[in-house]
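input05.csv (CSV, C-alpha atoms) appears below.
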chain,number,residue,atom,x,y,z
A,16,MET,CA,134.8,109.6,126.2
A,17,THR,CA,135.6,106.8,128.5
A,18,PHE,CA,139.1,105.5,129.2
A,19,LEU,CA,138.4,102.3,127.1
A,20,ASP,CA,137.2,104.5,124.2
A,21,VAL,CA,140.4,106.4,124.3
A,22,LEU,CA,142.4,103.2,124.5
A,23,ALA,CA,140.5,101.8,121.5
A,24,GLY,CA,141.1,105.0,119.5
A,25,ILE,CA,144.8,104.9,120.3
A,26,PHE,CA,145.1,101.3,119.2
A,27,GLU,CA,143.8,102.3,115.7
A,28,GLY,CA,147.4,103.4,115.2
A,29,PHE,CA,148.7,100.0,116.2
A,30,ARG,CA,149.0,98.8,112.6
A,31,ILE,CA,151.6,101.6,111.8
A,32,THR,CA,153.4,101.0,115.1
A,33,ALA,CA,153.6,97.2,114.3
A,34,ALA,CA,154.7,97.9,110.7
A,35,VAL,CA,157.5,100.3,111.8
A,36,THR,CA,158.6,97.8,114.4
A,37,ALA,CA,158.7,94.9,111.8
A,38,LEU,CA,160.6,97.0,109.3
A,39,GLY,CA,163.0,98.2,112.0
A,40,MET,CA,163.8,94.6,112.9
A,41,ALA,CA,164.4,93.9,109.2
A,42,PHE,CA,167.1,96.5,109.3
A,43,ALA,CA,168.4,96.0,112.8
A,44,VAL,CA,169.1,92.2,112.8
A,45,PRO,CA,171.2,92.0,109.6
A,46,PHE,CA,173.0,95.3,110.5
A,47,ALA,CA,173.8,94.0,114.0
A,48,PHE,CA,175.2,90.6,112.8
A,49,LEU,CA,177.1,91.9,109.7
A,50,CYS,CA,178.7,94.8,111.6
A,51,GLY,CA,179.3,92.8,114.8
A,52,VAL,CA,181.0,90.0,112.9
A,53,ALA,CA,183.0,92.4,110.7
A,54,GLN,CA,184.2,94.4,113.7
A,55,HIS,CA,185.2,91.2,115.5
A,56,TYR,CA,187.3,89.8,112.6
A,57,SER,CA,188.6,92.8,110.8
A,58,ARG,CA,191.7,94.8,111.6
A,59,GLY,CA,193.2,98.1,110.7
A,60,LEU,CA,191.4,100.4,108.3
A,61,PRO,CA,188.4,98.0,107.6
A,62,ARG,CA,187.8,97.7,111.3
A,63,ALA,CA,188.0,101.5,111.7
A,64,ALA,CA,185.4,102.0,108.9
A,65,VAL,CA,183.0,99.5,110.4
A,66,THR,CA,183.4,101.1,113.8
A,67,ALA,CA,182.7,104.5,112.4
A,68,LEU,CA,179.5,103.3,110.7
A,69,ILE,CA,178.3,101.7,114.0
A,70,GLU,CA,179.1,104.8,116.0
A,71,PHE,CA,177.4,107.0,113.5
A,72,TRP,CA,174.1,105.2,114.0
A,73,ARG,CA,174.5,104.8,117.7
A,74,SER,CA,175.7,108.3,118.5
A,75,THR,CA,173.4,110.4,116.3
A,76,PRO,CA,170.0,111.4,117.9
A,77,VAL,CA,167.2,109.4,116.3
A,78,LEU,CA,165.0,112.5,116.1
A,79,ILE,CA,167.5,114.4,114.1
A,80,LEU,CA,168.0,111.4,111.7
A,81,LEU,CA,164.2,111.1,111.2
A,82,TYR,CA,164.0,114.8,110.3
A,83,ALA,CA,167.1,114.6,108.1
A,84,PHE,CA,166.0,111.6,106.0
A,85,TYR,CA,162.3,112.6,105.8
A,86,TYR,CA,162.5,116.4,105.4
A,87,SER,CA,166.0,117.1,104.0
A,88,LEU,CA,166.5,114.3,101.4
A,89,PRO,CA,163.7,115.5,99.1
A,90,ALA,CA,165.7,118.7,98.5
A,91,TYR,CA,168.2,116.5,96.7
A,92,GLY,CA,165.6,114.5,94.8
A,93,ILE,CA,165.5,111.6,97.1
A,94,ARG,CA,162.1,110.8,98.5
A,95,LEU,CA,161.5,108.0,101.0
A,96,SER,CA,158.1,107.2,102.6
A,97,GLY,CA,157.6,107.9,106.3
A,98,LEU,CA,157.3,104.2,107.0
A,99,MET,CA,160.7,103.5,105.3
A,100,VAL,CA,162.4,106.3,107.1
A,101,GLY,CA,161.0,105.3,110.5
A,102,GLY,CA,161.9,101.7,110.1
A,103,MET,CA,165.4,102.3,108.7
A,104,VAL,CA,166.4,105.0,111.2
A,105,LEU,CA,165.1,103.2,114.2
A,106,GLY,CA,166.3,99.8,113.0
A,107,LEU,CA,169.9,100.9,112.2
A,108,ASN,CA,170.1,102.8,115.5
A,109,ILE,CA,169.0,99.7,117.4
A,110,GLY,CA,171.2,97.5,115.2
A,111,GLY,CA,174.3,99.6,116.1
A,112,TYR,CA,173.8,98.7,119.7
A,113,GLY,CA,173.0,95.1,118.8
A,114,SER,CA,176.3,94.8,116.9
A,115,GLN,CA,178.2,95.3,120.1
A,116,ALA,CA,176.3,92.4,121.7
A,117,VAL,CA,177.3,90.2,118.7
A,118,ARG,CA,180.9,91.3,118.9
A,119,ALA,CA,181.1,90.7,122.6
A,120,ALA,CA,179.5,87.3,122.4
A,121,LEU,CA,182.0,86.2,119.7
A,122,GLN,CA,184.9,87.5,121.8
A,123,SER,CA,183.7,85.5,124.8
A,124,LEU,CA,184.1,82.2,123.0
A,125,ALA,CA,187.3,80.1,123.5
A,126,ARG,CA,189.6,80.4,120.6
A,127,GLY,CA,190.3,76.7,120.7
A,128,GLN,CA,187.0,75.9,119.2
A,129,SER,CA,187.5,77.9,116.1
A,130,GLU,CA,191.1,76.6,115.7
A,131,ALA,CA,189.8,73.1,116.0
A,132,GLY,CA,187.2,73.7,113.3
A,133,LEU,CA,189.9,75.2,111.0
A,134,ALA,CA,192.1,72.2,111.7
A,135,LEU,CA,189.3,69.9,110.6
A,136,GLY,CA,189.3,71.6,107.2
A,137,LEU,CA,186.3,73.9,107.7
A,138,ARG,CA,186.4,77.3,106.0
A,139,ARG,CA,186.4,80.5,108.1
A,140,TRP,CA,182.7,81.2,107.4
A,141,GLN,CA,181.7,77.6,108.2
A,142,VAL,CA,183.4,77.9,111.6
A,143,LEU,CA,181.4,81.1,112.2
A,144,VAL,CA,178.1,79.7,111.1
A,145,LEU,CA,178.3,76.1,112.4
A,146,ILE,CA,180.4,76.6,115.6
A,147,GLU,CA,180.6,80.2,116.9
A,148,LEU,CA,177.3,81.8,116.2
A,149,PRO,CA,175.1,78.9,117.6
A,150,GLN,CA,177.0,79.2,120.9
A,151,ALA,CA,177.1,83.0,120.9
A,152,ILE,CA,173.3,83.4,120.4
A,153,GLY,CA,172.6,82.7,124.0
A,154,ALA,CA,174.9,85.5,125.2
A,155,MET,CA,173.3,87.9,122.6
A,156,MET,CA,169.7,87.1,123.4
A,157,PRO,CA,169.2,89.3,126.6
A,158,THR,CA,170.5,92.4,124.7
A,159,PHE,CA,168.4,91.6,121.6
A,160,VAL,CA,165.2,91.3,123.7
A,161,ASN,CA,166.0,94.6,125.4
A,162,GLN,CA,166.7,96.3,122.1
A,163,PHE,CA,163.4,95.0,120.6
A,164,ILE,CA,161.5,96.6,123.5
A,165,GLN,CA,163.5,99.8,122.9
A,166,LEU,CA,162.5,99.7,119.2
A,167,VAL,CA,158.8,99.3,120.0
A,168,LYS,CA,159.0,102.3,122.4
A,169,GLY,CA,161.1,104.3,119.9
A,170,THR,CA,158.3,104.0,117.3
A,171,ALA,CA,156.5,106.8,119.2
A,172,LEU,CA,158.9,109.2,117.5
A,173,VAL,CA,157.6,108.5,114.0
A,174,SER,CA,154.5,110.5,114.8
A,175,LEU,CA,156.8,113.5,114.2
A,176,ILE,CA,157.1,112.6,110.5
A,177,THR,CA,153.3,112.3,110.1
A,178,LEU,CA,152.8,108.6,110.5
A,179,THR,CA,149.5,107.8,112.2
A,180,ASP,CA,150.9,105.5,114.8
A,181,MET,CA,149.6,105.2,118.4
A,182,THR,CA,151.2,108.4,119.6
A,183,PHE,CA,149.9,110.3,116.6
A,184,ARG,CA,146.4,109.0,117.3
A,185,ALA,CA,146.8,110.2,120.9
A,186,HIS,CA,147.6,113.7,119.7
A,187,GLU,CA,144.5,113.6,117.4
A,188,ILE,CA,142.2,112.5,120.2
A,189,SER,CA,143.7,115.2,122.5
A,190,GLN,CA,142.8,117.9,120.0
A,191,THR,CA,139.2,116.7,120.0
A,192,TYR,CA,138.7,115.8,123.6
A,193,TYR,CA,140.8,118.0,125.9
A,194,ASN,CA,141.7,115.5,128.7
A,195,PRO,CA,145.5,115.1,128.6
A,196,VAL,CA,145.7,113.1,131.8
A,197,LYS,CA,143.3,110.4,130.6
A,198,ILE,CA,144.7,110.4,127.0
A,199,TYR,CA,148.3,110.1,127.9
A,200,VAL,CA,147.7,107.6,130.7
A,201,ALA,CA,145.9,105.6,128.0
A,202,LEU,CA,148.9,106.0,125.7
A,203,LEU,CA,151.3,104.8,128.4
A,204,THR,CA,148.9,101.8,129.0
A,205,SER,CA,148.9,101.0,125.3
A,206,TYR,CA,152.7,100.7,125.1
A,207,PHE,CA,152.8,98.7,128.3
A,208,LEU,CA,150.2,96.3,126.9
A,209,ILE,CA,152.5,95.7,123.9
A,210,CYS,CA,155.9,95.8,125.6
A,211,TYR,CA,155.2,93.7,128.8
A,212,PRO,CA,154.1,90.6,126.9
A,213,ALA,CA,157.1,91.0,124.6
A,214,THR,CA,159.3,91.1,127.7
A,215,ILE,CA,157.7,87.9,129.1
A,216,ALA,CA,158.1,86.2,125.7
A,217,GLY,CA,161.7,87.4,125.5
A,218,ARG,CA,162.5,85.9,128.9
A,219,TRP,CA,161.0,82.6,127.8
A,220,LEU,CA,163.0,82.7,124.6
A,221,GLU,CA,166.2,83.4,126.6
A,222,ARG,CA,165.5,80.3,128.8
A,223,ARG,CA,164.9,78.2,125.7
A,224,VAL,CA,168.1,79.3,124.0
A,225,ALA,CA,170.0,78.8,127.2
A,226,VAL,CA,168.7,75.2,127.5
A,227,GLY,CA,169.6,74.6,123.8
A,228,ALA,CA,173.0,76.0,124.3
A,229,GLY,CA,173.6,73.8,127.3
A,230,GLY,CA,172.5,70.7,125.4
A,231,ALA,CA,174.8,71.6,122.5
A,232,GLY,CA,177.7,72.1,125.0
A,233,HIS,CA,177.1,68.6,126.5
A,234,GLY,CA,177.0,67.2,123.0
A,235,ILE,CA,180.5,68.7,122.3
Go ahead and express the file in the form of C-alpha coordinates.
Amino acid sequence: MTFLDVLAGIFEGFRITAAVTALGMAFAVPFAFLCGVAQHYSRGLPRAAVTALIEFWRSTPVLILLYAFYYSLPAYGIRLSGLMVGGMVLGLNIGGYGSQAVRAALQSLARGQSEAGLALGLRRWQVLVLIELPQAIGAMMPTFVNQFIQLVKGTALVSLITLTDMTFRAHEISQTYYNPVKIYVALLTSYFLICYPATIAGRWLERRVAVGAGGAGHGI
(Lines of atoms letter the chains of each structure in order from A and count residues from 1; the text may use other names and numbers.)
(Lines give C-alpha, C1' and ligand atoms only; values in the text may rest on other atoms or scores of the structure.)
Protein backbone atom coordinates (compact mmCIF):
# COMPACT_ATOMS: atom_id res chain seq x y z
CA MET A 1 0.00 0.00 0.00
CA THR A 2 1.61 3.25 -1.14
CA PHE A 3 1.75 6.44 0.90
CA LEU A 4 -0.87 8.06 -1.35
CA ASP A 5 -3.15 5.04 -0.90
CA VAL A 6 -2.85 5.40 2.87
CA LEU A 7 -3.54 9.13 2.61
CA ALA A 8 -6.63 8.51 0.49
CA GLY A 9 -7.87 5.90 2.97
CA ILE A 10 -7.41 8.30 5.89
CA PHE A 11 -9.30 11.05 4.06
CA GLU A 12 -12.32 8.74 3.87
CA GLY A 13 -12.86 9.89 7.45
CA PHE A 14 -12.71 13.57 6.51
CA ARG A 15 -16.50 13.86 6.37
CA ILE A 16 -16.78 13.02 10.07
CA THR A 17 -13.85 15.28 10.96
CA ALA A 18 -15.49 18.16 9.07
CA ALA A 19 -18.90 17.48 10.64
CA VAL A 20 -17.48 17.47 14.18
CA THR A 21 -15.56 20.67 13.42
CA ALA A 22 -18.66 22.41 12.05
CA LEU A 23 -20.82 21.30 14.97
CA GLY A 24 -18.07 22.31 17.38
CA MET A 25 -18.00 25.81 15.90
CA ALA A 26 -21.79 25.98 16.22
CA PHE A 27 -21.34 25.44 19.97
CA ALA A 28 -18.10 27.40 20.42
CA VAL A 29 -18.97 30.76 18.85
CA PRO A 30 -22.28 31.47 20.67
CA PHE A 31 -20.82 30.14 23.94
CA ALA A 32 -17.74 32.36 23.62
CA PHE A 33 -19.72 35.50 22.86
CA LEU A 34 -22.49 34.95 25.40
CA CYS A 35 -20.15 34.03 28.25
CA GLY A 36 -17.53 36.63 27.35
CA VAL A 37 -20.09 39.43 27.24
CA ALA A 38 -21.83 38.19 30.41
CA GLN A 39 -18.56 37.95 32.30
CA HIS A 40 -17.57 41.44 31.18
CA TYR A 41 -20.82 43.16 32.20
CA SER A 42 -22.02 41.14 35.18
CA ARG A 43 -20.97 41.60 38.79
CA GLY A 44 -21.26 39.64 42.01
CA LEU A 45 -22.99 36.26 42.02
CA PRO A 46 -24.00 36.27 38.30
CA ARG A 47 -20.38 36.91 37.32
CA ALA A 48 -19.20 34.13 39.63
CA ALA A 49 -21.71 31.72 38.06
CA VAL A 50 -20.60 32.60 34.51
CA THR A 51 -16.94 32.31 35.49
CA ALA A 52 -17.57 28.89 37.07
CA LEU A 53 -19.25 27.67 33.88
CA ILE A 54 -16.36 28.90 31.73
CA GLU A 55 -13.74 27.37 34.01
CA PHE A 56 -15.56 24.04 34.08
CA TRP A 57 -15.32 23.69 30.30
CA ARG A 58 -11.78 25.09 30.14
CA SER A 59 -10.32 23.12 33.02
CA THR A 60 -11.85 19.65 32.59
CA PRO A 61 -9.92 17.26 30.29
CA VAL A 62 -11.70 16.87 26.95
CA LEU A 63 -11.09 13.12 26.92
CA ILE A 64 -12.83 12.68 30.29
CA LEU A 65 -15.78 14.78 29.13
CA LEU A 66 -16.12 12.71 25.95
CA TYR A 67 -16.22 9.49 27.95
CA ALA A 68 -18.59 10.96 30.55
CA PHE A 69 -21.15 12.23 28.04
CA TYR A 70 -20.95 9.29 25.64
CA TYR A 71 -20.58 6.31 27.97
CA SER A 72 -22.01 7.51 31.32
CA LEU A 73 -25.16 9.43 30.40
CA PRO A 74 -26.95 6.38 28.90
CA ALA A 75 -26.96 4.90 32.42
CA TYR A 76 -29.32 7.76 33.34
CA GLY A 77 -31.49 7.36 30.26
CA ILE A 78 -29.83 10.14 28.27
CA ARG A 79 -28.42 9.05 24.92
CA LEU A 80 -26.52 11.41 22.64
CA SER A 81 -24.95 10.48 19.32
CA GLY A 82 -21.19 10.39 19.07
CA LEU A 83 -21.32 13.29 16.64
CA MET A 84 -23.32 15.43 19.07
CA VAL A 85 -21.08 14.56 22.01
CA GLY A 86 -17.91 15.25 20.04
CA GLY A 87 -19.13 18.57 18.66
CA MET A 88 -20.58 19.74 21.97
CA VAL A 89 -17.62 18.82 24.17
CA LEU A 90 -14.95 20.14 21.81
CA GLY A 91 -17.00 23.23 20.97
CA LEU A 92 -17.71 24.23 24.57
CA ASN A 93 -14.10 23.59 25.55
CA ILE A 94 -12.85 25.85 22.74
CA GLY A 95 -15.66 28.33 23.46
CA GLY A 96 -14.48 28.61 27.06
CA TYR A 97 -11.09 29.83 25.86
CA GLY A 98 -12.71 32.04 23.23
CA SER A 99 -14.86 33.72 25.88
CA GLN A 100 -11.73 35.16 27.44
CA ALA A 101 -10.75 36.70 24.12
CA VAL A 102 -14.20 38.33 23.92
CA ARG A 103 -13.98 39.62 27.48
CA ALA A 104 -10.45 40.96 27.02
CA ALA A 105 -11.34 42.65 23.72
CA LEU A 106 -14.31 44.42 25.31
CA GLN A 107 -12.23 45.50 28.28
CA SER A 108 -9.63 47.03 25.96
CA LEU A 109 -12.12 49.53 24.50
CA ALA A 110 -12.26 53.08 25.81
CA ARG A 111 -15.24 53.59 28.12
CA GLY A 112 -15.95 56.95 26.54
CA GLN A 113 -17.38 55.33 23.42
CA SER A 114 -20.03 53.36 25.27
CA GLU A 115 -20.83 56.36 27.46
CA ALA A 116 -21.26 58.48 24.33
CA GLY A 117 -23.61 55.89 22.85
CA LEU A 118 -25.71 55.83 26.02
CA ALA A 119 -25.76 59.63 26.08
CA LEU A 120 -27.16 59.59 22.53
CA GLY A 121 -30.09 57.50 23.73
CA LEU A 122 -28.92 54.05 22.63
CA ARG A 123 -29.84 51.08 24.80
CA ARG A 124 -27.11 49.02 26.44
CA TRP A 125 -27.50 46.15 23.94
CA GLN A 126 -27.43 48.60 21.03
CA VAL A 127 -24.15 50.06 22.27
CA LEU A 128 -22.76 46.53 22.49
CA VAL A 129 -23.90 45.46 19.01
CA LEU A 130 -23.38 48.69 17.10
CA ILE A 131 -20.31 50.20 18.77
CA GLU A 132 -18.34 47.79 20.95
CA LEU A 133 -18.43 44.41 19.21
CA PRO A 134 -17.53 45.73 15.71
CA GLN A 135 -14.38 47.29 17.16
CA ALA A 136 -13.56 44.32 19.42
CA ILE A 137 -13.76 41.75 16.61
CA GLY A 138 -10.30 42.69 15.34
CA ALA A 139 -8.73 41.99 18.75
CA MET A 140 -10.58 38.68 19.05
CA MET A 141 -9.73 37.39 15.58
CA PRO A 142 -6.19 36.00 16.17
CA THR A 143 -7.41 33.98 19.16
CA PHE A 144 -10.47 32.74 17.26
CA VAL A 145 -8.32 31.58 14.34
CA ASN A 146 -5.97 29.73 16.71
CA GLN A 147 -8.90 28.14 18.54
CA PHE A 148 -10.39 26.97 15.24
CA ILE A 149 -7.12 25.20 14.43
CA GLN A 150 -7.13 23.65 17.91
CA LEU A 151 -10.68 22.45 17.32
CA VAL A 152 -9.73 20.74 14.05
CA LYS A 153 -6.81 18.98 15.73
CA GLY A 154 -8.95 18.11 18.74
CA THR A 155 -11.33 16.14 16.54
CA ALA A 156 -8.75 13.34 16.60
CA LEU A 157 -10.10 12.45 20.06
CA VAL A 158 -13.56 11.55 18.76
CA SER A 159 -12.13 8.31 17.38
CA LEU A 160 -12.24 7.13 21.01
CA ILE A 161 -16.04 7.32 21.02
CA THR A 162 -16.29 5.20 17.86
CA LEU A 163 -16.64 7.97 15.26
CA THR A 164 -14.94 7.01 12.00
CA ASP A 165 -12.97 10.22 11.59
CA MET A 166 -9.50 10.41 10.03
CA THR A 167 -7.75 9.12 13.14
CA PHE A 168 -10.16 6.18 13.38
CA ARG A 169 -9.50 5.37 9.72
CA ALA A 170 -5.76 5.41 10.43
CA HIS A 171 -6.30 2.87 13.22
CA GLU A 172 -8.34 0.68 10.87
CA ILE A 173 -5.66 0.80 8.17
CA SER A 174 -2.92 0.04 10.71
CA GLN A 175 -4.78 -3.13 11.74
CA THR A 176 -4.79 -4.32 8.12
CA TYR A 177 -1.39 -3.10 6.95
CA TYR A 178 1.13 -3.10 9.76
CA ASN A 179 3.29 -0.12 8.82
CA PRO A 180 2.89 2.37 11.67
CA VAL A 181 5.53 4.81 10.39
CA LYS A 182 3.89 5.24 6.99
CA ILE A 183 0.35 5.31 8.39
CA TYR A 184 0.92 7.86 11.13
CA VAL A 185 3.10 10.07 8.96
CA ALA A 186 0.19 10.03 6.52
CA LEU A 187 -2.17 10.94 9.38
CA LEU A 188 0.06 13.86 10.40
CA THR A 189 0.17 14.95 6.77
CA SER A 190 -3.64 14.79 6.58
CA TYR A 191 -4.10 17.16 9.50
CA PHE A 192 -1.39 19.46 8.14
CA LEU A 193 -3.16 19.62 4.76
CA ILE A 194 -6.30 20.76 6.57
CA CYS A 195 -4.84 23.05 9.24
CA TYR A 196 -2.19 24.91 7.25
CA PRO A 197 -4.59 26.31 4.61
CA ALA A 198 -6.94 27.25 7.46
CA THR A 199 -4.04 29.12 9.10
CA ILE A 200 -3.31 31.02 5.87
CA ALA A 201 -7.00 31.85 5.45
CA GLY A 202 -7.14 32.99 9.07
CA ARG A 203 -4.21 35.36 8.60
CA TRP A 204 -5.89 36.82 5.51
CA LEU A 205 -9.12 37.25 7.47
CA GLU A 206 -7.22 38.95 10.31
CA ARG A 207 -5.75 41.46 7.86
CA ARG A 208 -9.16 42.11 6.32
CA VAL A 209 -10.75 42.67 9.71
CA ALA A 210 -7.87 44.94 10.76
CA VAL A 211 -8.30 47.03 7.60
CA GLY A 212 -12.06 47.26 8.17
CA ALA A 213 -11.55 48.27 11.79
CA GLY A 214 -9.06 50.92 10.72
CA GLY A 215 -11.56 52.32 8.24
CA ALA A 216 -14.27 52.36 10.86
CA GLY A 217 -11.96 54.14 13.26
CA HIS A 218 -11.21 56.86 10.70
CA GLY A 219 -14.94 57.21 10.07
CA ILE A 220 -15.52 57.89 13.76
Which stretch 18-74 of chain A residues have any atom within 12 Å of an atom of stretch 149-155 of chain A, and for each, what is the nearest pair of atoms with distance in Å to one decimal, counting all atoms listed in the file, rows sorted by chain and number, as a Markdown table?
| residue | atom | partner | partner_atom | distance |
| --- | --- | --- | --- | --- |
| A:Val44 | CA | A:Met155 | CA | 11.5 |
| A:Ala47 | CA | A:Met155 | CA | 10.6 |
| A:Phe48 | CA | A:Met155 | CA | 10.3 |
| A:Gly51 | CA | A:Met155 | CA | 11.0 |
| A:Val52 | CA | A:Ala151 | CA | 11.3 |
Let me see the file: selected residues, C-alpha atoms, as a PDB file, in the coordinates of the input.
ATOM      1  CA  VAL A  44     169.100  92.200 112.800  1.00  0.00           C
ATOM      2  CA  ALA A  47     173.800  94.000 114.000  1.00  0.00           C
ATOM      3  CA  PHE A  48     175.200  90.600 112.800  1.00  0.00           C
ATOM      4  CA  GLY A  51     179.300  92.800 114.800  1.00  0.00           C
ATOM      5  CA  VAL A  52     181.000  90.000 112.900  1.00  0.00           C
TER       6      VAL A  52
END
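The interatomic distance for the pair atom CA of A:Leu220 and atom CA of A:Gly102 works out to 23.9 Å.
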Point to revise | Separation of atom CA of A:Phe183 from atom CA of A:Leu88 in Å | key: 22.9 Å
Point to revise | Coordinates-based distance that separates atom CA of A:Leu143 from atom CA of A:Leu124 (Å, one decimal) | key: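 Result for atom CA of A:Leu124 versus atom CA of A:Leu143: 11.2 Å, one decimal.
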Point to revise | Within 10 Å of A:Gln141 using only C-alpha atoms, minus same-chain residues under 6 positions, as a ChimeraX atom specification | key: /A:129,132-133,147
Check your understanding: Excluding same-chain residues fewer than 5 positions from stretch 19-23 of chain A, what lies within 7 Å of it counting only C-alpha atoms, as a list in words?
Key ->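 After dropping sequence-adjacent residues, the list is Ile198, Ala201 and Ser205 of chain A.
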Give as a PDB file with C-alpha atoms, in the frame of the given file every residue, naming chains and numbers as the document does, that has an atom within 10 Å of (154.4, 100.1, 113.0), counting all atoms listed in the file.
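Saved result, part.pdb, follows:
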ATOM      1  CA  GLY A  28     147.400 103.400 115.200  1.00  0.00           C
ATOM      2  CA  PHE A  29     148.700 100.000 116.200  1.00  0.00           C
ATOM      3  CA  ARG A  30     149.000  98.800 112.600  1.00  0.00           C
ATOM      4  CA  ILE A  31     151.600 101.600 111.800  1.00  0.00           C
ATOM      5  CA  THR A  32     153.400 101.000 115.100  1.00  0.00           C
ATOM      6  CA  ALA A  33     153.600  97.200 114.300  1.00  0.00           C
ATOM      7  CA  ALA A  34     154.700  97.900 110.700  1.00  0.00           C
ATOM      8  CA  VAL A  35     157.500 100.300 111.800  1.00  0.00           C
ATOM      9  CA  THR A  36     158.600  97.800 114.400  1.00  0.00           C
ATOM     10  CA  ALA A  37     158.700  94.900 111.800  1.00  0.00           C
ATOM     11  CA  LEU A  38     160.600  97.000 109.300  1.00  0.00           C
ATOM     12  CA  GLY A  39     163.000  98.200 112.000  1.00  0.00           C
ATOM     13  CA  LEU A  98     157.300 104.200 107.000  1.00  0.00           C
ATOM     14  CA  GLY A 101     161.000 105.300 110.500  1.00  0.00           C
ATOM     15  CA  GLY A 102     161.900 101.700 110.100  1.00  0.00           C
ATOM     16  CA  VAL A 167     158.800  99.300 120.000  1.00  0.00           C
ATOM     17  CA  THR A 170     158.300 104.000 117.300  1.00  0.00           C
ATOM     18  CA  ALA A 171     156.500 106.800 119.200  1.00  0.00           C
ATOM     19  CA  VAL A 173     157.600 108.500 114.000  1.00  0.00           C
ATOM     20  CA  LEU A 178     152.800 108.600 110.500  1.00  0.00           C
ATOM     21  CA  THR A 179     149.500 107.800 112.200  1.00  0.00           C
ATOM     22  CA  ASP A 180     150.900 105.500 114.800  1.00  0.00           C
ATOM     23  CA  MET A 181     149.600 105.200 118.400  1.00  0.00           C
TER      24      MET A 181
END
Practice item. Find the residue from A:Arg218, A:Gly106, A:Pro89, A:Ile25 that sits nearest to A:Phe42; use only C-alpha atoms when measuring. Key: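 Between A:Arg218, A:Gly106, A:Pro89, A:Ile25, the residue approaching A:Phe42 most closely is A:Gly106.
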**Study point:** A:Ser174, A:Ser74, A:Thr214, A:Asn108 ranked by distance to A:His186, top pick (using all atoms listed in the file)
**Key:**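 Among the listed residues, the smallest separation from A:His186 belongs to A:Ser174.
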Excluding same-chain residues fewer than 5 positions from A:Glu70, what lies within 9 Å of it counting all atoms listed in the file, as an mmCIF file with C-alpha atoms, in the frame of the given file?
data_model
loop_
_atom_site.group_PDB
_atom_site.id
_atom_site.type_symbol
_atom_site.label_atom_id
_atom_site.label_comp_id
_atom_site.auth_asym_id
_atom_site.auth_seq_id
_atom_site.Cartn_x
_atom_site.Cartn_y
_atom_site.Cartn_z
ATOM 1 C CA VAL A 65 183.000 99.500 110.400
ATOM 2 C CA THR A 75 173.400 110.400 116.300
ATOM 3 C CA GLY A 111 174.300 99.600 116.100
ATOM 4 C CA TYR A 112 173.800 98.700 119.700
#
Check your understanding: Using only C-alpha atoms, which of the listed residues (A:Ile109, A:Ile176, A:Ile164, A:Val144) sits closest to A:Tyr206?
Key ->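 Looking at the shortest contact to A:Tyr206, the residue is A:Ile164.
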Extending 6 Å beyond the listed atoms of stretch 195-199 of chain A on each side, what axis-aligned box results? I want centre and edge lengths in Å to one decimal, as JSON.
{"center_x": 145.8, "center_y": 112.6, "center_z": 129.4, "size_x": 17.0, "size_y": 17.0, "size_z": 16.8}
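With all atoms listed in the file as the atoms that count, the minimum distance from A:Ala213 to the choices A:Phe159, A:Tyr199, A:Phe84, A:Tyr91 is reached by A:Phe159.
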